[in-house]
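Asker: Just so it is clear, I am handing over target-v9.txt, which has compact mmCIF, C-alpha atoms.
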# COMPACT_ATOMS: atom_id res chain seq x y z
CA GLY A 1 -4.67 -5.06 16.79
CA GLN A 2 -4.93 -2.21 14.34
CA SER A 3 -7.95 -0.93 12.46
CA LEU A 4 -8.68 2.14 10.37
CA GLU A 5 -11.93 3.66 9.21
CA GLN A 6 -12.37 6.02 6.30
CA PRO A 7 -15.35 6.85 4.09
CA SER A 8 -15.73 4.62 1.07
CA GLU A 9 -16.57 7.38 -1.40
CA VAL A 10 -16.41 11.15 -1.68
CA THR A 11 -17.60 13.31 -4.56
CA ALA A 12 -16.57 16.90 -5.27
CA VAL A 13 -16.36 19.40 -8.11
CA GLU A 14 -13.31 20.91 -9.74
CA GLY A 15 -11.81 23.78 -7.80
CA ALA A 16 -13.45 22.75 -4.55
CA ILE A 17 -11.89 21.58 -1.29
CA VAL A 18 -12.45 18.08 0.05
CA GLN A 19 -11.50 16.47 3.34
CA ILE A 20 -11.01 12.72 3.73
CA ASN A 21 -11.16 11.55 7.32
CA CYS A 22 -9.44 8.61 8.93
CA THR A 23 -9.90 7.24 12.43
CA TYR A 24 -7.65 4.55 13.74
CA GLN A 25 -7.17 2.13 16.58
CA THR A 26 -3.68 0.91 17.13
CA SER A 27 -1.49 -0.35 19.91
CA GLY A 28 1.54 1.86 19.89
CA PHE A 29 1.29 4.77 17.49
CA TYR A 30 4.13 6.02 15.33
CA GLY A 31 2.39 8.15 12.72
CA LEU A 32 -0.27 8.35 10.03
CA SER A 33 0.54 8.04 6.34
CA TRP A 34 -1.53 8.82 3.26
CA TYR A 35 -1.26 7.21 -0.16
CA GLN A 36 -2.93 7.93 -3.49
CA GLN A 37 -3.82 5.29 -6.05
CA HIS A 38 -5.21 5.97 -9.50
CA ASP A 39 -7.25 3.26 -11.21
CA GLY A 40 -4.89 0.68 -12.66
CA GLY A 41 -1.91 2.24 -10.91
CA ALA A 42 0.16 1.64 -7.83
CA PRO A 43 -0.20 3.39 -4.47
CA THR A 44 2.05 6.42 -4.18
CA PHE A 45 3.09 8.10 -0.95
CA LEU A 46 1.54 11.51 -0.26
CA SER A 47 2.31 12.49 3.31
CA TYR A 48 3.19 11.44 6.82
CA ASN A 49 2.26 12.92 10.19
CA ALA A 50 4.20 11.85 13.23
CA LEU A 51 3.10 14.77 15.40
CA ASP A 52 -0.17 16.61 15.95
CA GLY A 53 -1.01 19.38 13.57
CA LEU A 54 -1.17 20.20 9.93
CA GLU A 55 1.44 19.33 7.31
CA GLU A 56 1.14 21.10 3.99
CA THR A 57 2.53 19.96 0.66
CA GLY A 58 1.25 22.08 -2.18
CA ARG A 59 -2.46 21.58 -2.71
CA PHE A 60 -2.52 18.68 -0.26
CA SER A 61 -2.43 18.93 3.51
CA SER A 62 -2.63 16.28 6.18
CA PHE A 63 -3.70 16.69 9.78
CA LEU A 64 -3.26 14.51 12.84
CA SER A 65 -4.74 14.53 16.32
CA ARG A 66 -3.19 11.74 18.35
CA SER A 67 -5.45 12.36 21.34
CA ASP A 68 -8.50 11.77 19.11
CA SER A 69 -6.90 8.96 17.06
CA TYR A 70 -7.97 10.93 14.03
CA GLY A 71 -6.48 12.43 10.95
CA TYR A 72 -7.54 13.83 7.63
CA LEU A 73 -6.26 14.58 4.18
CA LEU A 74 -7.28 17.93 2.75
CA LEU A 75 -7.20 18.45 -0.98
CA GLN A 76 -7.59 22.00 -2.24
CA GLU A 77 -8.22 23.43 -5.70
CA LEU A 78 -9.39 20.04 -6.85
CA GLN A 79 -8.47 18.94 -10.33
CA MET A 80 -9.85 16.11 -12.43
CA LYS A 81 -6.56 14.27 -12.04
CA ASP A 82 -7.18 14.07 -8.29
CA SER A 83 -9.84 11.45 -8.96
CA ALA A 84 -8.31 8.42 -7.30
CA SER A 85 -8.47 6.28 -4.18
CA TYR A 86 -6.84 7.60 -1.04
CA PHE A 87 -5.60 5.33 1.73
CA CYS A 88 -4.59 6.14 5.26
CA ALA A 89 -2.11 3.79 6.90
CA VAL A 90 -0.59 3.23 10.33
CA PRO A 91 2.31 1.08 11.48
CA GLY A 92 1.19 -2.28 12.81
CA GLY A 93 3.18 -4.64 14.89
CA GLY A 94 6.48 -2.91 14.40
CA TYR A 95 8.03 -0.02 12.52
CA ASN A 96 8.26 -1.74 9.18
CA LYS A 97 4.73 -2.95 8.75
CA LEU A 98 1.97 -0.66 7.47
CA ILE A 99 -1.71 -1.42 7.88
CA PHE A 100 -3.82 0.26 5.21
CA GLY A 101 -7.39 1.45 5.47
CA ALA A 102 -9.94 0.27 2.93
CA GLY A 103 -9.51 3.46 0.93
CA THR A 104 -11.71 6.40 -0.04
CA ARG A 105 -12.63 6.74 -3.67
CA LEU A 106 -12.67 10.41 -4.67
CA ALA A 107 -14.56 11.39 -7.79
CA VAL A 108 -13.96 14.93 -9.07
CA HIS A 109 -16.57 16.27 -11.48
CA PRO A 110 -16.42 19.31 -13.79
CA ASP B 1 16.21 6.78 -10.84
CA ALA B 2 14.59 3.43 -11.50
CA GLY B 3 11.73 2.70 -9.19
CA VAL B 4 10.64 -0.68 -7.95
CA ILE B 5 10.56 -3.09 -10.86
CA GLN B 6 8.13 -5.98 -11.07
CA SER B 7 7.70 -8.71 -13.63
CA PRO B 8 5.64 -9.89 -15.28
CA ARG B 9 3.08 -7.07 -15.44
CA HIS B 10 0.33 -9.47 -16.37
CA GLU B 11 0.08 -13.21 -15.84
CA VAL B 12 -2.71 -15.49 -16.93
CA THR B 13 -2.41 -19.09 -15.86
CA GLU B 14 -4.51 -22.15 -15.32
CA MET B 15 -5.46 -23.49 -11.95
CA GLY B 16 -2.82 -25.81 -10.56
CA GLN B 17 0.09 -24.14 -12.30
CA GLU B 18 3.03 -22.59 -10.52
CA VAL B 19 3.31 -18.81 -10.65
CA THR B 20 6.45 -16.81 -9.84
CA LEU B 21 6.35 -13.07 -9.42
CA ARG B 22 9.56 -11.07 -9.37
CA CYS B 23 10.61 -7.83 -7.77
CA LYS B 24 13.67 -5.60 -7.82
CA PRO B 25 13.57 -3.00 -5.02
CA ILE B 26 15.05 0.46 -5.18
CA SER B 27 18.79 0.36 -4.64
CA GLY B 28 19.66 1.22 -1.06
CA HIS B 29 16.28 0.30 0.35
CA ASN B 30 16.56 -2.42 2.95
CA SER B 31 12.89 -3.19 3.56
CA LEU B 32 10.81 -5.05 0.98
CA PHE B 33 7.11 -5.78 1.12
CA TRP B 34 4.74 -7.98 -0.86
CA TYR B 35 1.08 -6.92 -0.98
CA ARG B 36 -2.03 -8.32 -2.58
CA GLN B 37 -4.93 -6.11 -3.63
CA THR B 38 -8.47 -7.20 -4.43
CA MET B 39 -11.77 -5.38 -4.41
CA MET B 40 -13.07 -7.56 -1.61
CA ARG B 41 -10.08 -7.51 0.73
CA GLY B 42 -8.33 -4.28 -0.18
CA LEU B 43 -4.57 -3.98 0.18
CA GLU B 44 -3.16 -6.81 2.27
CA LEU B 45 0.42 -7.20 3.42
CA LEU B 46 1.60 -10.73 2.69
CA ILE B 47 5.18 -10.69 3.89
CA TYR B 48 8.02 -8.28 4.49
CA PHE B 49 11.78 -8.56 4.57
CA ASN B 50 14.36 -6.44 6.30
CA ASN B 51 17.95 -6.78 5.09
CA ASN B 52 16.87 -9.82 3.07
CA VAL B 53 15.50 -11.61 6.13
CA PRO B 54 11.77 -12.42 6.34
CA ILE B 55 10.45 -10.58 9.37
CA ASP B 56 6.70 -11.21 9.27
CA ASP B 57 4.92 -13.65 7.01
CA SER B 58 1.70 -13.74 8.98
CA GLY B 59 -0.18 -12.36 5.98
CA MET B 60 0.73 -15.24 3.70
CA PRO B 61 -2.64 -16.90 3.15
CA GLU B 62 -1.49 -20.51 3.12
CA ASP B 63 1.38 -22.84 2.42
CA ARG B 64 0.85 -22.53 -1.31
CA PHE B 65 2.49 -19.13 -1.03
CA SER B 66 6.20 -18.69 -0.48
CA ALA B 67 8.59 -15.77 -0.80
CA LYS B 68 12.33 -15.46 -0.97
CA MET B 69 14.87 -12.68 -1.03
CA PRO B 70 18.23 -14.18 -1.95
CA ASN B 71 19.95 -10.80 -2.13
CA ALA B 72 19.30 -7.11 -1.65
CA SER B 73 18.21 -6.56 -5.23
CA PHE B 74 15.81 -9.41 -5.89
CA SER B 75 12.78 -11.09 -4.40
CA THR B 76 10.26 -13.63 -5.61
CA LEU B 77 6.74 -14.55 -4.58
CA LYS B 78 5.70 -18.02 -5.64
CA ILE B 79 2.27 -19.62 -5.68
CA GLN B 80 2.17 -23.36 -6.13
CA PRO B 81 -0.38 -24.63 -7.00
CA SER B 82 -2.35 -21.56 -8.05
CA GLU B 83 -6.12 -21.31 -7.57
CA PRO B 84 -8.73 -18.96 -9.08
CA ARG B 85 -9.12 -17.18 -5.72
CA ASP B 86 -5.47 -16.08 -6.00
CA SER B 87 -6.46 -13.75 -8.84
CA ALA B 88 -5.45 -10.26 -7.72
CA VAL B 89 -2.91 -7.51 -8.26
CA TYR B 90 0.31 -8.23 -6.42
CA PHE B 91 2.48 -5.28 -5.48
CA CYS B 92 6.03 -5.20 -4.30
CA ALA B 93 7.17 -2.16 -2.34
CA SER B 94 10.43 -1.05 -0.76
CA SER B 95 11.52 1.51 1.78
CA THR B 96 14.46 2.55 3.90
CA ARG B 97 14.58 1.27 7.45
CA LEU B 98 14.26 4.77 8.91
CA ALA B 99 11.28 5.78 6.76
CA ASP B 100 9.09 2.73 6.65
CA TYR B 101 6.03 4.96 6.46
CA GLU B 102 7.15 6.02 2.97
CA GLN B 103 6.98 2.96 0.81
CA TYR B 104 7.63 2.95 -2.91
CA PHE B 105 5.40 0.59 -4.84
CA GLY B 106 6.14 -1.20 -8.06
CA PRO B 107 3.61 -1.17 -10.91
CA GLY B 108 2.15 -4.48 -9.78
CA THR B 109 1.51 -7.83 -11.40
CA ARG B 110 -2.08 -8.54 -12.39
CA LEU B 111 -2.56 -12.27 -11.89
CA THR B 112 -5.51 -14.11 -13.37
CA VAL B 113 -5.94 -17.79 -12.56
CA THR B 114 -8.55 -19.56 -14.67
Take the structure from the file and write it as structure tokens.
Answerer:
Amino acid sequence: GQSLEQPSEVTAVEGAIVQINCTYQTSGFYGLSWYQQHDGGAPTFLSYNALDGLEETGRFSSFLSRSDSYGYLLLQELQMKDSASYFCAVPGGGYNKLIFGAGTRLAVHP
Amino acid sequence: DAGVIQSPRHEVTEMGQEVTLRCKPISGHNSLFWYRQTMMRGLELLIYFNNNVPIDDSGMPEDRFSAKMPNASFSTLKIQPSEPRDSAVYFCASSTRLADYEQYFGPGTRLTVT
């Protein structure tokens, strides 16, 4: 089966850098996705890593190490609006199906 | 571009009543997913369709839940009879077949069963 582990909460201050880790166990690996969800909102897609290394999209970057079954989401120059839950996800049981982690709640303080 | 559309946004019903949630995926997307989100269980996949065909319904909690996709632009999730433990936010999401890792979620339906 598939399982993912990520910290439940992370706290940081505005302007700082924060890293949210995700470790996974899956049979057959096709890539690691990250989603953001604000309170009361819907999950929105942030990034996808199919290969090892760092993918950068503006202030957000995502890293994958397939040999370590590990990835992280790096958020730089934190802003208050980055306060949200962040989910890592892996395909499970086929290309279509995503299995989501329990989510990491990020609180950004002034 | 219209995103995934869900209705109703909020539903309050009494235990035992039938509830129907509706979803219109993004045009051109051929995969559709129904999720349920609660504090206790997180984001759970209930069922997904590919080209209108149900592929995996192993996440459907019990026979009280059913889902249909009669055409490429419409899907329903029905709960009959509803129970208080069904209270949750239900999301519909869609994606293209070649980019299933990038799913587009609707705004969700907040269901409260009293």
Asker: In Å to one decimal, how far is atom CA of B:Gln80 from atom CA of B:Pro54?
Answerer: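 These atoms are spaced 19.2 Å apart.
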Asker: What are the closest atom pairs, with distances in Å to one decimal, for all residues of chain B lying within 8 Å of chain A? Consider only C-alpha atoms, order rows by chain and residue number, and present the result as a tab-separated table.
Answerer:
residue	atom	partner	partner_atom	distance
B:Ser31	CA	A:Asn96	CA	7.4
B:Gly42	CA	A:Ala102	CA	5.7
B:Leu43	CA	A:Phe100	CA	6.6
B:Glu44	CA	A:Phe100	CA	7.7
B:Leu45	CA	A:Ile99	CA	7.6
B:Tyr48	CA	A:Lys97	CA	7.6
B:Phe91	CA	A:Ala42	CA	7.7
B:Arg97	CA	A:Asn96	CA	7.2
B:Asp100	CA	A:Asn96	CA	5.2
B:Tyr101	CA	A:Ser33	CA	6.3
B:Glu102	CA	A:Phe45	CA	6.0
B:Gln103	CA	A:Phe45	CA	6.7
B:Tyr104	CA	A:Thr44	CA	6.7
B:Phe105	CA	A:Ala42	CA	6.1
B:Gly106	CA	A:Ala42	CA	6.6
B:Pro107	CA	A:Ala42	CA	5.4
B:Gly108	CA	A:Ala42	CA	6.7
Asker: Just to confirm, what's the straight-line distance from atom CA of B:Thr109 to atom CA of B:Ser95 in Å (one decimal)?
Answerer: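 Computing it gives 19.0 Å between the two atoms.
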Asker: Mind giving me the straight-line distance from atom CA of B:Leu111 to atom CA of A:Ala84 in Å, one decimal?
Answerer: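 If I compute the distance from atom CA of B:Leu111 to atom CA of A:Ala84, I get 22.0 Å.
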Asker: Tell me which protein, DNA and RNA residues are within 9 Å of B:Asn51, counting all atoms listed in the file, leaving out same-chain ones fewer than 4 positions away, and put them as a count of residues only.
Answerer: 6
Asker: Please list as number ranges by chain every residue within 9 Å of A:Pro110, counting all atoms listed in the file and excluding residues in the same chain fewer than 6 positions away.
Answerer: A: 12-15, 79-80
Asker: Write out as a list in words the residues lying within 6 Å of stretch 57-73 of chain A, counting all atoms listed in the file and excluding same-chain residues fewer than 4 positions away.
Answerer: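 Near stretch 57-73 of chain A, the qualifying residues are Gln19, Ile20, Asn21, Cys22, Thr23, Tyr24, Asp52 and Gly53 of chain A.
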Asker: Could you give me, as a PyMOL selection string, the residues within 12 Å of B:Leu77, counting only C-alpha atoms and dropping anything in the same chain fewer than 6 positions from it?
Answerer: chain B and resi 6-8+18-24+32-36+46-48+57+60+64-70+90-92+109
Asker: Restricting the calculation to only C-alpha atoms: of B:Asn52, B:Ser58, B:Gln37, B:Thr114, which residue gets closest to B:Glu83?
Answerer: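 Looking at the shortest contact to B:Glu83, the residue is B:Thr114.
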